[in-house]
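entry-v5.tsv (TSV, C-alpha atoms and all ligand atoms) appears below.
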```
chain	number	residue	atom	x	y	z
A	1	MET	CA	12.13	20.38	-92.32
A	2	PRO	CA	15.19	19.45	-94.43
A	3	ASP	CA	17.16	16.37	-93.34
A	4	SER	CA	20.46	18.27	-93.31
A	5	TYR	CA	19.06	20.77	-90.79
A	6	LEU	CA	17.78	17.99	-88.56
A	7	ASN	CA	21.04	16.05	-88.78
A	8	ARG	CA	23.08	19.14	-87.95
A	9	LEU	CA	20.80	19.82	-84.97
A	10	ILE	CA	21.14	16.24	-83.68
A	11	ASP	CA	24.93	16.37	-84.08
A	12	SER	CA	25.32	19.84	-82.58
A	13	PRO	CA	25.77	18.85	-78.88
A	14	PHE	CA	28.71	16.64	-79.91
A	15	GLU	CA	30.22	19.06	-82.43
A	16	PRO	CA	32.64	20.72	-79.95
A	17	PHE	CA	34.45	17.37	-79.51
A	18	VAL	CA	35.27	17.48	-83.23
A	19	TYR	CA	36.91	20.91	-82.76
A	20	PHE	CA	39.98	19.17	-81.31
A	21	VAL	CA	40.65	17.36	-84.61
A	22	ASP	CA	39.57	20.17	-86.92
A	23	PRO	CA	42.50	22.37	-88.09
A	24	ALA	CA	40.00	25.14	-88.84
A	25	ARG	CA	39.29	25.48	-85.10
A	26	ARG	CA	41.37	27.40	-82.60
A	27	VAL	CA	41.38	24.48	-80.16
A	28	TYR	CA	42.72	22.00	-82.74
A	29	TRP	CA	45.04	19.64	-80.88
A	30	MET	CA	48.20	20.86	-82.64
A	31	PHE	CA	47.45	24.45	-81.68
A	32	LEU	CA	46.87	23.40	-78.07
A	33	VAL	CA	50.16	21.50	-78.06
A	34	SER	CA	52.00	24.50	-79.52
A	35	ALA	CA	50.37	26.72	-76.87
A	36	VAL	CA	51.61	24.38	-74.13
A	37	LEU	CA	55.13	24.47	-75.59
A	38	LEU	CA	55.04	28.26	-75.69
A	39	GLY	CA	53.71	28.20	-72.12
A	40	VAL	CA	56.70	26.08	-71.08
A	41	PHE	CA	58.97	28.61	-72.80
A	42	VAL	CA	57.35	31.49	-70.88
A	43	TYR	CA	57.56	29.49	-67.62
A	44	ARG	CA	61.29	28.92	-68.07
A	45	LEU	CA	61.97	32.55	-69.01
A	46	SER	CA	59.97	34.07	-66.18
A	47	ASN	CA	61.50	32.02	-63.34
A	48	GLN	CA	58.19	31.02	-61.79
A	49	SER	CA	58.42	29.79	-58.22
A	50	GLY	CA	55.93	26.86	-58.39
A	51	GLY	CA	56.02	23.80	-60.62
A	52	LEU	CA	55.22	23.76	-64.32
A	53	ILE	CA	51.90	21.91	-63.94
A	54	ALA	CA	50.73	24.36	-61.27
A	55	TYR	CA	51.73	27.24	-63.54
A	56	LEU	CA	50.00	26.03	-66.69
A	57	TRP	CA	46.96	24.27	-65.20
A	58	PRO	CA	46.14	25.96	-61.87
A	59	ARG	CA	42.90	24.59	-60.42
A	60	ARG	CA	41.88	28.12	-59.37
A	61	VAL	CA	41.70	28.97	-63.08
A	62	TRP	CA	40.56	25.81	-64.86
A	63	LEU	CA	37.92	24.89	-62.26
A	64	HIS	CA	36.81	28.47	-61.56
A	65	ARG	CA	33.06	29.08	-61.84
A	66	SER	CA	33.79	31.43	-64.74
A	67	ALA	CA	35.72	28.72	-66.62
A	68	VAL	CA	32.86	26.26	-66.09
A	69	VAL	CA	30.55	28.72	-67.88
A	70	ASP	CA	33.07	28.80	-70.76
A	71	TYR	CA	32.79	25.01	-71.10
A	72	GLN	CA	28.99	25.08	-70.85
A	73	LEU	CA	28.67	27.83	-73.44
A	74	LEU	CA	30.92	25.91	-75.84
A	75	PHE	CA	28.27	23.18	-76.07
A	76	ALA	CA	25.16	25.30	-75.64
A	77	LYS	CA	26.25	27.71	-78.35
A	78	SER	CA	26.75	24.85	-80.77
A	79	VAL	CA	23.13	23.76	-80.23
A	80	VAL	CA	21.68	27.29	-80.36
A	81	SER	CA	23.63	28.11	-83.53
A	82	ALA	CA	22.44	24.92	-85.25
A	83	LEU	CA	18.87	25.53	-84.09
A	84	LEU	CA	18.47	29.23	-84.88
A	85	PHE	CA	21.28	30.61	-86.97
A	86	ALA	CA	22.62	27.91	-89.31
A	87	PRO	CA	19.59	28.17	-91.67
A	88	VAL	CA	19.96	31.94	-92.04
A	89	LEU	CA	23.74	32.28	-91.90
A	90	LEU	CA	25.25	34.34	-94.67
A	91	THR	CA	27.84	32.34	-96.64
A	92	SER	CA	30.87	33.71	-98.44
A	93	SER	CA	29.92	31.85	-101.64
A	94	LEU	CA	26.50	33.55	-101.69
A	95	VAL	CA	28.10	36.97	-101.14
A	96	ALA	CA	30.69	36.21	-103.85
A	97	ALA	CA	27.96	35.26	-106.35
A	98	VAL	CA	26.10	38.52	-105.67
A	99	VAL	CA	29.31	40.58	-105.98
A	100	VAL	CA	30.24	38.91	-109.31
A	101	ALA	CA	26.72	39.49	-110.68
A	102	LEU	CA	26.73	43.15	-109.59
A	103	LEU	CA	30.19	43.80	-111.04
A	104	HIS	CA	29.30	42.15	-114.36
A	105	THR	CA	26.10	44.17	-114.54
A	106	ALA	CA	27.93	47.42	-113.79
A	107	ALA	CA	30.95	46.75	-116.02
A	108	PRO	CA	30.87	43.58	-118.16
A	109	ARG	CA	34.33	42.29	-119.00
A	110	GLU	CA	36.30	39.24	-120.01
A	111	ALA	CA	38.15	37.79	-117.01
A	112	TRP	CA	41.94	37.52	-117.28
A	113	GLY	CA	43.32	34.04	-117.53
A	114	ALA	CA	45.94	33.30	-114.89
A	115	PRO	CA	47.29	30.12	-113.30
A	116	TRP	CA	45.76	29.39	-109.87
A	117	TRP	CA	49.11	29.48	-108.08
A	118	ALA	CA	49.74	33.05	-109.26
A	119	ILE	CA	46.38	34.14	-107.87
A	120	ALA	CA	46.51	32.13	-104.63
A	121	TRP	CA	48.95	34.55	-102.93
A	122	PRO	CA	47.14	37.85	-103.54
A	123	PHE	CA	43.75	36.18	-102.98
A	124	SER	CA	44.81	34.69	-99.63
A	125	PHE	CA	46.41	37.94	-98.54
A	126	CYS	CA	43.39	40.08	-99.45
A	127	ALA	CA	40.92	37.64	-97.85
A	128	PHE	CA	42.98	37.52	-94.65
A	129	VAL	CA	43.32	41.33	-94.40
A	130	ALA	CA	39.63	41.92	-95.21
A	131	GLU	CA	38.45	39.38	-92.63
A	132	ASP	CA	40.80	40.72	-89.97
A	133	LEU	CA	39.61	44.29	-90.61
A	134	CYS	CA	35.99	43.14	-90.44
A	135	ARG	CA	36.60	41.41	-87.12
A	136	TYR	CA	38.16	44.60	-85.77
A	137	ILE	CA	35.17	46.69	-86.90
A	138	VAL	CA	32.64	44.27	-85.39
A	139	HIS	CA	34.59	44.02	-82.13
A	140	ARG	CA	34.89	47.81	-81.87
A	141	ALA	CA	31.15	48.13	-82.59
A	142	MET	CA	30.48	45.60	-79.79
A	143	HIS	CA	32.13	48.01	-77.35
A	144	ARG	CA	30.80	51.20	-78.94
A	145	PHE	CA	27.04	50.56	-79.18
A	146	PRO	CA	25.17	49.96	-75.90
A	147	ALA	CA	22.94	47.12	-77.16
A	148	LEU	CA	25.89	45.25	-78.68
A	149	TRP	CA	27.96	45.85	-75.54
A	150	GLU	CA	25.25	44.13	-73.47
A	151	LEU	CA	25.80	41.01	-75.62
A	152	HIS	CA	29.60	41.32	-75.67
A	153	LYS	CA	29.60	41.47	-71.86
A	154	VAL	CA	29.26	37.67	-71.91
A	155	HIS	CA	32.83	37.46	-73.22
A	156	HIS	CA	34.12	40.11	-70.84
A	157	SER	CA	32.44	38.69	-67.75
A	158	ALA	CA	35.12	35.96	-67.76
A	159	GLU	CA	37.05	36.33	-64.52
A	160	VAL	CA	39.68	33.80	-65.55
A	161	LEU	CA	40.84	33.08	-69.08
A	162	THR	CA	41.21	29.63	-70.64
A	163	PRO	CA	41.50	28.77	-74.36
A	164	PHE	CA	37.76	27.97	-74.15
A	165	THR	CA	36.95	31.58	-73.27
A	166	LEU	CA	37.15	32.09	-77.03
A	167	TYR	CA	33.78	30.30	-77.19
A	168	ARG	CA	32.34	32.29	-74.30
A	169	ILE	CA	30.50	34.54	-76.70
A	170	HIS	CA	26.79	35.16	-76.88
A	171	PRO	CA	25.25	33.21	-79.83
A	172	ILE	CA	23.97	36.46	-81.36
A	173	GLU	CA	27.50	37.87	-81.32
A	174	SER	CA	28.81	34.65	-82.90
A	175	PHE	CA	26.20	35.03	-85.62
A	176	LEU	CA	27.25	38.64	-86.26
A	177	ASN	CA	30.93	37.64	-86.36
A	178	ALA	CA	30.29	34.77	-88.77
A	179	SER	CA	28.16	36.99	-91.02
A	180	ALA	CA	30.80	39.73	-91.07
A	181	SER	CA	33.54	37.21	-91.94
A	182	ALA	CA	31.38	35.73	-94.71
A	183	LEU	CA	30.78	39.23	-96.04
A	184	ALA	CA	34.49	40.13	-96.03
A	185	VAL	CA	35.70	36.89	-97.60
A	186	GLY	CA	32.75	36.84	-100.02
A	187	VAL	CA	33.44	40.37	-101.32
A	188	VAL	CA	37.12	39.55	-101.90
A	189	THR	CA	36.25	36.22	-103.54
A	190	GLY	CA	33.68	37.93	-105.79
A	191	CYS	CA	36.18	40.59	-106.88
A	192	PHE	CA	38.80	37.94	-107.71
A	193	PHE	CA	36.25	35.88	-109.68
A	194	TYR	CA	35.36	39.02	-111.61
A	195	LEU	CA	39.00	39.77	-112.43
A	196	TYR	CA	40.38	36.27	-113.03
A	197	ALA	CA	38.96	33.27	-114.83
A	198	GLY	CA	39.63	29.74	-113.68
A	199	LYS	CA	40.22	28.00	-110.40
A	200	LEU	CA	40.31	30.21	-107.30
A	201	VAL	CA	41.90	28.68	-104.22
A	202	GLY	CA	43.62	30.22	-101.26
A	203	LEU	CA	46.91	29.05	-99.78
A	204	GLN	CA	46.16	26.24	-97.41
A	205	ILE	CA	47.83	24.15	-94.74
A	206	LEU	CA	46.06	20.90	-93.78
A	207	GLY	CA	43.09	22.07	-95.83
A	208	VAL	CA	42.54	25.34	-93.97
A	209	ASP	CA	43.64	28.86	-94.81
A	210	ALA	CA	47.36	29.30	-94.21
A	211	ALA	CA	47.12	32.57	-92.24
A	212	GLY	CA	44.61	31.08	-89.80
A	213	PHE	CA	46.74	27.98	-89.38
A	214	LEU	CA	49.90	29.98	-88.61
A	215	PHE	CA	47.95	32.21	-86.20
A	216	GLY	CA	46.73	29.09	-84.38
A	217	PHE	CA	50.15	27.49	-84.36
A	218	LEU	CA	51.93	30.59	-83.06
A	219	GLY	CA	50.13	30.72	-79.73
A	220	ALA	CA	46.67	32.12	-80.47
A	221	ASN	CA	45.34	29.96	-77.63
A	222	LEU	CA	47.49	31.87	-75.14
A	223	ARG	CA	45.39	35.00	-75.76
A	224	HIS	CA	42.83	33.54	-73.39
A	225	THR	CA	45.09	32.34	-70.59
A	226	HIS	CA	47.04	33.81	-67.69
A	227	VAL	CA	50.33	33.05	-69.52
A	228	TRP	CA	51.91	36.40	-70.40
A	229	LEU	CA	53.38	36.09	-73.89
A	230	SER	CA	54.42	39.45	-75.29
A	231	TYR	CA	56.01	39.79	-78.73
A	232	GLY	CA	57.87	42.95	-77.66
A	233	PRO	CA	56.95	46.55	-78.54
A	234	ARG	CA	58.29	46.49	-82.08
A	235	ILE	CA	56.25	43.49	-83.25
A	236	GLU	CA	53.23	44.52	-81.19
A	237	ARG	CA	52.90	47.60	-83.41
A	238	TRP	CA	52.06	45.14	-86.20
A	239	LEU	CA	50.66	42.00	-84.59
A	240	ILE	CA	48.39	41.62	-81.56
A	241	SER	CA	50.15	39.41	-79.01
A	242	PRO	CA	48.42	37.19	-76.43
A	243	ALA	CA	49.49	39.72	-73.75
A	244	GLN	CA	47.79	42.53	-75.67
A	245	HIS	CA	44.51	40.62	-75.83
A	246	GLN	CA	44.77	39.88	-72.12
A	247	CYS	CA	45.05	43.66	-71.61
A	248	HIS	CA	41.81	43.97	-73.60
A	249	HIS	CA	40.16	41.86	-70.88
A	250	SER	CA	41.76	43.84	-68.05
A	251	LEU	CA	39.80	45.97	-65.59
A	252	SER	CA	42.49	48.66	-65.38
A	253	GLU	CA	41.52	52.11	-66.62
A	254	ARG	CA	44.53	52.30	-68.93
A	255	HIS	CA	43.39	49.12	-70.73
A	256	GLN	CA	39.79	50.19	-71.33
A	257	ASN	CA	38.73	50.18	-75.00
A	258	LYS	CA	42.13	49.04	-76.23
A	259	ASN	CA	43.33	46.26	-78.52
A	260	TYR	CA	40.21	45.24	-80.42
A	261	GLY	CA	42.29	43.56	-83.13
A	262	SER	CA	42.52	39.85	-83.80
A	263	VAL	CA	45.78	39.37	-85.69
A	264	LEU	CA	46.94	42.70	-87.15
A	265	ALA	CA	47.62	45.63	-84.83
A	266	LEU	CA	47.35	48.12	-87.69
A	267	TRP	CA	43.63	48.72	-87.22
A	268	ASP	CA	44.10	49.55	-83.53
A	269	ARG	CA	47.07	51.75	-84.39
A	270	TRP	CA	45.07	53.69	-86.97
A	271	GLY	CA	41.97	53.73	-84.76
A	272	LYS	CA	44.01	55.07	-81.77
A	273	SER	CA	43.07	52.04	-79.68
A	274	LEU	CA	46.42	50.24	-79.62
A	275	TYR	CA	47.95	49.50	-76.22
A	276	ILE	CA	51.48	48.15	-76.10
A	277	PRO	CA	52.45	46.90	-72.64
A	278	ASP	CA	55.74	48.07	-71.20
A	279	GLY	CA	56.82	44.81	-69.58
A	280	LYS	CA	54.80	42.23	-67.66
A	281	GLU	CA	51.64	43.58	-66.06
A	282	GLU	CA	49.45	42.17	-63.29
A	283	LEU	CA	45.92	41.98	-64.66
A	284	THR	CA	42.48	41.41	-63.18
A	285	PHE	CA	39.88	40.21	-65.68
A	286	GLY	CA	36.14	40.76	-65.74
A	287	LEU	CA	33.55	43.52	-65.86
A	288	ARG	CA	33.73	46.68	-63.79
A	289	SER	CA	31.30	47.01	-60.90
A	290	GLY	CA	27.79	47.82	-62.04
A	291	GLU	CA	28.42	46.54	-65.58
A	292	ARG	CA	27.42	42.92	-65.08
A	293	ASN	CA	24.09	42.05	-66.73
A	294	HIS	CA	24.08	38.30	-65.98
A	295	GLU	CA	25.16	35.85	-63.33
A	296	GLN	CA	28.04	33.41	-63.65
A	297	GLY	CA	25.74	30.68	-65.01
A	298	LEU	CA	24.78	29.30	-68.42
A	299	LEU	CA	21.10	30.25	-68.65
A	300	SER	CA	21.72	33.67	-67.19
A	301	ALA	CA	24.56	34.29	-69.72
A	302	LEU	CA	22.32	33.17	-72.58
A	303	PHE	CA	19.10	35.01	-71.78
A	304	ARG	CA	19.72	38.05	-69.60
A	305	PRO	CA	22.01	39.88	-72.07
A	306	ILE	CA	19.19	39.72	-74.64
A	307	GLY	CA	16.86	41.53	-72.25
A	308	ALA	CA	19.58	44.05	-71.41
A	309	ALA	CA	20.28	44.63	-75.12
A	310	GLY	CA	16.56	45.13	-75.76
A	311	ARG	CA	16.36	47.66	-72.93
A	312	ALA	CA	19.45	49.45	-74.32
A	313	VAL	CA	17.73	49.76	-77.71
A	314	PHE	CA	14.57	51.03	-76.06
A	315	ARG	CA	16.48	53.57	-73.92
A	316	ARG	CA	18.25	54.85	-77.02
A	317	GLY	CA	14.97	55.11	-78.89
A	318	SER	CA	13.30	57.01	-76.06
A	319	VAL	CA	16.22	59.49	-75.83
A	320	SER	CA	16.22	60.31	-79.54
A	401	ZN	ZN	35.94	42.98	-76.32
A	402	ZN	ZN	38.86	37.70	-75.56
```
I need this file expressed as structure tokens, please.
Ligand SMILES: [Zn+2]
Ligand SMILES: [Zn+2]
Amino acid sequence: MPDSYLNRLIDSPFEPFVYFVDPARRVYWMFLVSAVLLGVFVYRLSNQSGGLIAYLWPRRVWLHRSAVVDYQLLFAKSVVSALLFAPVLLTSSLVAAVVVALLHTAAPREAWGAPWWAIAWPFSFCAFVAEDLCRYIVHRAMHRFPALWELHKVHHSAEVLTPFTLYRIHPIESFLNASASALAVGVVTGCFFYLYAGKLVGLQILGVDAAGFLFGFLGANLRHTHVWLSYGPRIERWLISPAQHQCHHSLSERHQNKNYGSVLALWDRWGKSLYIPDGKEELTFGLRSGERNHEQGLLSALFRPIGAAGRAVFRRGSVS
């Protein structure tokens, strides 16, 4: 057993604490601070009756049984991922190497020489768009295919939303998401390596990709909260707002199968799944009656969706 695997496994229960100081993570402290500031802005604009603290940190939300499962899954998923998935996780550099080799085999060519700063813009843009599209496709597939939906129910069984609901995702879904992102970024990286010689770096802020940093800084954490931050109908045709993602979690019929996108709203617009709210809406989050496949508890959320997904595959097989 390699030392690096063992070390990663030993560190994994403590890894989520590092998320707060890692700019590559959604719950990086600066993103949380910016979310609070945006929350204060929404509080002031919406003339809430109670105090600010009660509005932003209501005990009925942050100490709800559903939120506790979010916190538990944050740590458990870190351990499960290190134990089972880290050794087999697809990496973007591996995908890029395969893409470069395939392209050179199919059409050998001399790469163009270009300064890194001239390539950084188109490379960052293409990688961001490809990854965002991939996330949309995976998320839509999670709702479309019965076995995947059984796994994705873990995210949608949240009855209250906190920034940590982002991590309330079944480990198998996390693995699929990470693999899809590695595939998207790897293909783009491989194509750029094939076209251009020399150093290939994306635009970065604090060492992480610039688009992800801006997304985090501009209130991405409010997507999983009760704070209604809408960008307005014009912008929401292009960018998914926190309010739009909250609608994705809503039980209302009009919100079903809408707003799969992460950052760009284009994919939902083209896929006829975009929902643009017309003003503030009262939402109830969770799964519809009869859809729940696990209890509001850690072990149940980890294991029972796997059984349900297996049964969904079997049912499908027996029908066809
Ligand atoms: Zn979903
Ligand atoms: Zn969500």
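The residues sitting within 10 Å of ligand ZN 401 (chain A), with only C-alpha atoms and all ligand atoms considered, come out as Tyr136, Val138, His139, Arg140, Ala141, Met142, His143, Trp149, His152, Lys153, Val154, His155, His156, His245, His248, His249, Gln256, Asn257, Lys258, Asn259, Tyr260 and Gly261 of chain A.
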For the selection you just gave me, I'd like the residues written to a file as a compact mmCIF listing (two decimals), keeping the file's coordinate frame, keeping C-alpha atoms.
```
# COMPACT_ATOMS: atom_id res chain seq x y z
CA TYR A 136 38.16 44.60 -85.77
CA VAL A 138 32.64 44.27 -85.39
CA HIS A 139 34.59 44.02 -82.13
CA ARG A 140 34.89 47.81 -81.87
CA ALA A 141 31.15 48.13 -82.59
CA MET A 142 30.48 45.60 -79.79
CA HIS A 143 32.13 48.01 -77.35
CA TRP A 149 27.96 45.85 -75.54
CA HIS A 152 29.60 41.32 -75.67
CA LYS A 153 29.60 41.47 -71.86
CA VAL A 154 29.26 37.67 -71.91
CA HIS A 155 32.83 37.46 -73.22
CA HIS A 156 34.12 40.11 -70.84
CA HIS A 245 44.51 40.62 -75.83
CA HIS A 248 41.81 43.97 -73.60
CA HIS A 249 40.16 41.86 -70.88
CA GLN A 256 39.79 50.19 -71.33
CA ASN A 257 38.73 50.18 -75.00
CA LYS A 258 42.13 49.04 -76.23
CA ASN A 259 43.33 46.26 -78.52
CA TYR A 260 40.21 45.24 -80.42
CA GLY A 261 42.29 43.56 -83.13
```
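Listed by chain and then residue number, the contacts of ligand ZN 402 (chain A) are His152, His155, His156, Ala158, Leu161, Thr162, Pro163, Phe164, Thr165, Leu166, Tyr167, Arg168, Ile169, Arg223, His224, Thr225, Pro242, His245, Gln246, Cys247, His248, His249, Tyr260 and Ser262 of chain A (distance at most 10 Å, using only C-alpha atoms and all ligand atoms).
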- [ ] Show which residues sit within 9 Å of Ser34 in chain A, as a VMD selection string. Count all atoms listed in the file, and ignore same-chain residues fewer than 5 positions away.
- [x] chain A and resid 29 39 216 to 219 221
TODO: Provide the CA of Val185 in chain A to CA of Glu131 in chain A distance in Å, to one decimal place.
DONE: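 Interatomic distance here is 6.2 Å.
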Open item on the list: Would you pick out the contacts of range 227-231 of chain A at 9 Å or less, using only C-alpha atoms, so that residues sharing its chain but fewer than 5 positions from it are not included, and give the list as a PyMOL selection string?
Closed with: chain A and resi 38-39+42-43+55-56+219+222+236+239-244+246+277+279-281
For the residues selected in the previous step, produce a file with C-alpha atoms as a PDB file, in the coordinates of the input.
```
ATOM      1  CA  LEU A  38      55.040  28.260 -75.690  1.00  0.00           C
ATOM      2  CA  GLY A  39      53.710  28.200 -72.120  1.00  0.00           C
ATOM      3  CA  VAL A  42      57.350  31.490 -70.880  1.00  0.00           C
ATOM      4  CA  TYR A  43      57.560  29.490 -67.620  1.00  0.00           C
ATOM      5  CA  TYR A  55      51.730  27.240 -63.540  1.00  0.00           C
ATOM      6  CA  LEU A  56      50.000  26.030 -66.690  1.00  0.00           C
ATOM      7  CA  GLY A 219      50.130  30.720 -79.730  1.00  0.00           C
ATOM      8  CA  LEU A 222      47.490  31.870 -75.140  1.00  0.00           C
ATOM      9  CA  GLU A 236      53.230  44.520 -81.190  1.00  0.00           C
ATOM     10  CA  LEU A 239      50.660  42.000 -84.590  1.00  0.00           C
ATOM     11  CA  ILE A 240      48.390  41.620 -81.560  1.00  0.00           C
ATOM     12  CA  SER A 241      50.150  39.410 -79.010  1.00  0.00           C
ATOM     13  CA  PRO A 242      48.420  37.190 -76.430  1.00  0.00           C
ATOM     14  CA  ALA A 243      49.490  39.720 -73.750  1.00  0.00           C
ATOM     15  CA  GLN A 244      47.790  42.530 -75.670  1.00  0.00           C
ATOM     16  CA  GLN A 246      44.770  39.880 -72.120  1.00  0.00           C
ATOM     17  CA  PRO A 277      52.450  46.900 -72.640  1.00  0.00           C
ATOM     18  CA  GLY A 279      56.820  44.810 -69.580  1.00  0.00           C
ATOM     19  CA  LYS A 280      54.800  42.230 -67.660  1.00  0.00           C
ATOM     20  CA  GLU A 281      51.640  43.580 -66.060  1.00  0.00           C
TER      21      GLU A 281
END
```
TODO: Point out the residue among A:Phe31, A:Tyr196, A:Phe85, A:Phe75 with the least atom-to-atom distance to Gly113 in chain A, counting only C-alpha atoms.
DONE: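 Closest to Gly113 in chain A, using only C-alpha atoms: A:Tyr196.
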Task: For CA of Ala127 in chain A and CA of Glu173 in chain A, the interatomic separation in Å (one decimal) - done: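 About the pair CA of Ala127 in chain A and CA of Glu173 in chain A: they are 21.3 Å apart.
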Task: Residue nearest Tyr71 in chain A - candidates A:Leu83, A:Phe17, A:Glu282, A:His104, atoms counted: all atoms listed in the file - done: A:Phe17
Open item on the list: Restricting the calculation to all atoms listed in the file: of A:Glu253, A:Leu133, A:Val88, A:Arg288, which residue gets closest to Tyr5 in chain A?
Closed with: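 Between A:Glu253, A:Leu133, A:Val88, A:Arg288, the residue approaching Tyr5 in chain A most closely is A:Val88.
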Open item on the list: If we count all atoms listed in the file and set the cut-off at 8 Å, which residues sit around Asp132 in chain A, ignoring sequence neighbours fewer than 2 positions away in its own chain? Please answer as a PyMOL selection string.
Closed with: chain A and resi 128-130+134-136+261-264
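When CA of Ala308 in chain A is paired with CA of Glu291 in chain A, their separation reads 10.9 Å.
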Open item on the list: Taking all atoms listed in the file into account, name the residue in A:Thr189, A:Thr91, A:Asn7, A:Asn177 that is nearest to Leu148 in chain A.
Closed with: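 For Leu148 in chain A, the nearest of the given residues is A:Asn177.
Considering the residues A:Gly190, A:Pro23, A:Pro146, A:Pro58 and counting only C-alpha atoms, Val98 in chain A has its shortest atom-to-atom contact with A:Gly190.
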Name all residues at most 12 Å from Leu6 in chain A (count all atoms listed in the file; drop same-chain ones fewer than 6 positions away) and give them as a compact mmCIF listing (two decimals) with C-alpha atoms, keeping the file's coordinate frame.
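For reference, around27.txt as written:
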```
# COMPACT_ATOMS: atom_id res chain seq x y z
CA SER A 12 25.32 19.84 -82.58
CA VAL A 79 23.13 23.76 -80.23
CA ALA A 82 22.44 24.92 -85.25
CA LEU A 83 18.87 25.53 -84.09
CA LEU A 84 18.47 29.23 -84.88
CA ALA A 86 22.62 27.91 -89.31
CA PRO A 87 19.59 28.17 -91.67
```
- [ ] Fewer than 3 positions away in the same chain doesn't count, so skip those; otherwise give me all residues within 12 Å of Leu298 in chain A, counting all atoms listed in the file, as an MDAnalysis selection string.
- [x] chainID A and resid 65:77 154 168:170 294:295 301:305
The selected residues should be written to file as a tab-separated table (two decimals), in the coordinates of the input (atoms: C-alpha atoms).
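And here is the file that came out, result.tsv:
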```tsv
chain	number	residue	atom	x	y	z
A	65	ARG	CA	33.06	29.08	-61.84
A	66	SER	CA	33.79	31.43	-64.74
A	67	ALA	CA	35.72	28.72	-66.62
A	68	VAL	CA	32.86	26.26	-66.09
A	69	VAL	CA	30.55	28.72	-67.88
A	70	ASP	CA	33.07	28.80	-70.76
A	71	TYR	CA	32.79	25.01	-71.10
A	72	GLN	CA	28.99	25.08	-70.85
A	73	LEU	CA	28.67	27.83	-73.44
A	74	LEU	CA	30.92	25.91	-75.84
A	75	PHE	CA	28.27	23.18	-76.07
A	76	ALA	CA	25.16	25.30	-75.64
A	77	LYS	CA	26.25	27.71	-78.35
A	154	VAL	CA	29.26	37.67	-71.91
A	168	ARG	CA	32.34	32.29	-74.30
A	169	ILE	CA	30.50	34.54	-76.70
A	170	HIS	CA	26.79	35.16	-76.88
A	294	HIS	CA	24.08	38.30	-65.98
A	295	GLU	CA	25.16	35.85	-63.33
A	301	ALA	CA	24.56	34.29	-69.72
A	302	LEU	CA	22.32	33.17	-72.58
A	303	PHE	CA	19.10	35.01	-71.78
A	304	ARG	CA	19.72	38.05	-69.60
A	305	PRO	CA	22.01	39.88	-72.07
```
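Closest to Val201 in chain A among A:Ile119, A:Ala178, A:Leu89, A:Ile10 is A:Ile119, based on only C-alpha atoms.
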Starting from the incomplete input, reconstruct N, CA, C and O atoms of range 220-228 of chain A and write that as a PDB file, in the frame of the given file.
```pdb
ATOM      1  N   ALA A 220      47.947  31.405 -80.596  1.00  0.00           N
ATOM      2  CA  ALA A 220      46.670  32.120 -80.470  1.00  0.00           C
ATOM      3  C   ALA A 220      45.911  31.679 -79.224  1.00  0.00           C
ATOM      4  O   ALA A 220      45.198  32.490 -78.615  1.00  0.00           O
ATOM      5  N   ASN A 221      46.064  30.430 -78.815  1.00  0.00           N
ATOM      6  CA  ASN A 221      45.340  29.960 -77.630  1.00  0.00           C
ATOM      7  C   ASN A 221      45.797  30.639 -76.341  1.00  0.00           C
ATOM      8  O   ASN A 221      45.074  30.631 -75.344  1.00  0.00           O
ATOM      9  N   LEU A 222      47.004  31.220 -76.357  1.00  0.00           N
ATOM     10  CA  LEU A 222      47.490  31.870 -75.140  1.00  0.00           C
ATOM     11  C   LEU A 222      46.825  33.230 -74.909  1.00  0.00           C
ATOM     12  O   LEU A 222      46.963  33.819 -73.845  1.00  0.00           O
ATOM     13  N   ARG A 223      46.104  33.734 -75.942  1.00  0.00           N
ATOM     14  CA  ARG A 223      45.390  35.000 -75.760  1.00  0.00           C
ATOM     15  C   ARG A 223      44.410  34.899 -74.593  1.00  0.00           C
ATOM     16  O   ARG A 223      44.227  35.841 -73.848  1.00  0.00           O
ATOM     17  N   HIS A 224      43.760  33.753 -74.487  1.00  0.00           N
ATOM     18  CA  HIS A 224      42.830  33.540 -73.390  1.00  0.00           C
ATOM     19  C   HIS A 224      43.447  32.581 -72.375  1.00  0.00           C
ATOM     20  O   HIS A 224      43.015  31.436 -72.232  1.00  0.00           O
ATOM     21  N   THR A 225      44.478  33.066 -71.704  1.00  0.00           N
ATOM     22  CA  THR A 225      45.090  32.340 -70.590  1.00  0.00           C
ATOM     23  C   THR A 225      45.729  33.383 -69.676  1.00  0.00           C
ATOM     24  O   THR A 225      45.715  34.568 -69.989  1.00  0.00           O
ATOM     25  N   HIS A 226      46.309  32.919 -68.589  1.00  0.00           N
ATOM     26  CA  HIS A 226      47.040  33.810 -67.690  1.00  0.00           C
ATOM     27  C   HIS A 226      48.523  33.855 -68.067  1.00  0.00           C
ATOM     28  O   HIS A 226      49.313  34.502 -67.400  1.00  0.00           O
ATOM     29  N   VAL A 227      48.913  33.107 -69.118  1.00  0.00           N
ATOM     30  CA  VAL A 227      50.330  33.050 -69.520  1.00  0.00           C
ATOM     31  C   VAL A 227      50.664  34.309 -70.319  1.00  0.00           C
ATOM     32  O   VAL A 227      50.088  34.551 -71.380  1.00  0.00           O
ATOM     33  N   TRP A 228      51.584  35.079 -69.793  1.00  0.00           N
ATOM     34  CA  TRP A 228      51.910  36.400 -70.400  1.00  0.00           C
ATOM     35  C   TRP A 228      52.932  36.208 -71.505  1.00  0.00           C
ATOM     36  O   TRP A 228      54.122  36.059 -71.247  1.00  0.00           O
TER      37      TRP A 228
END
```
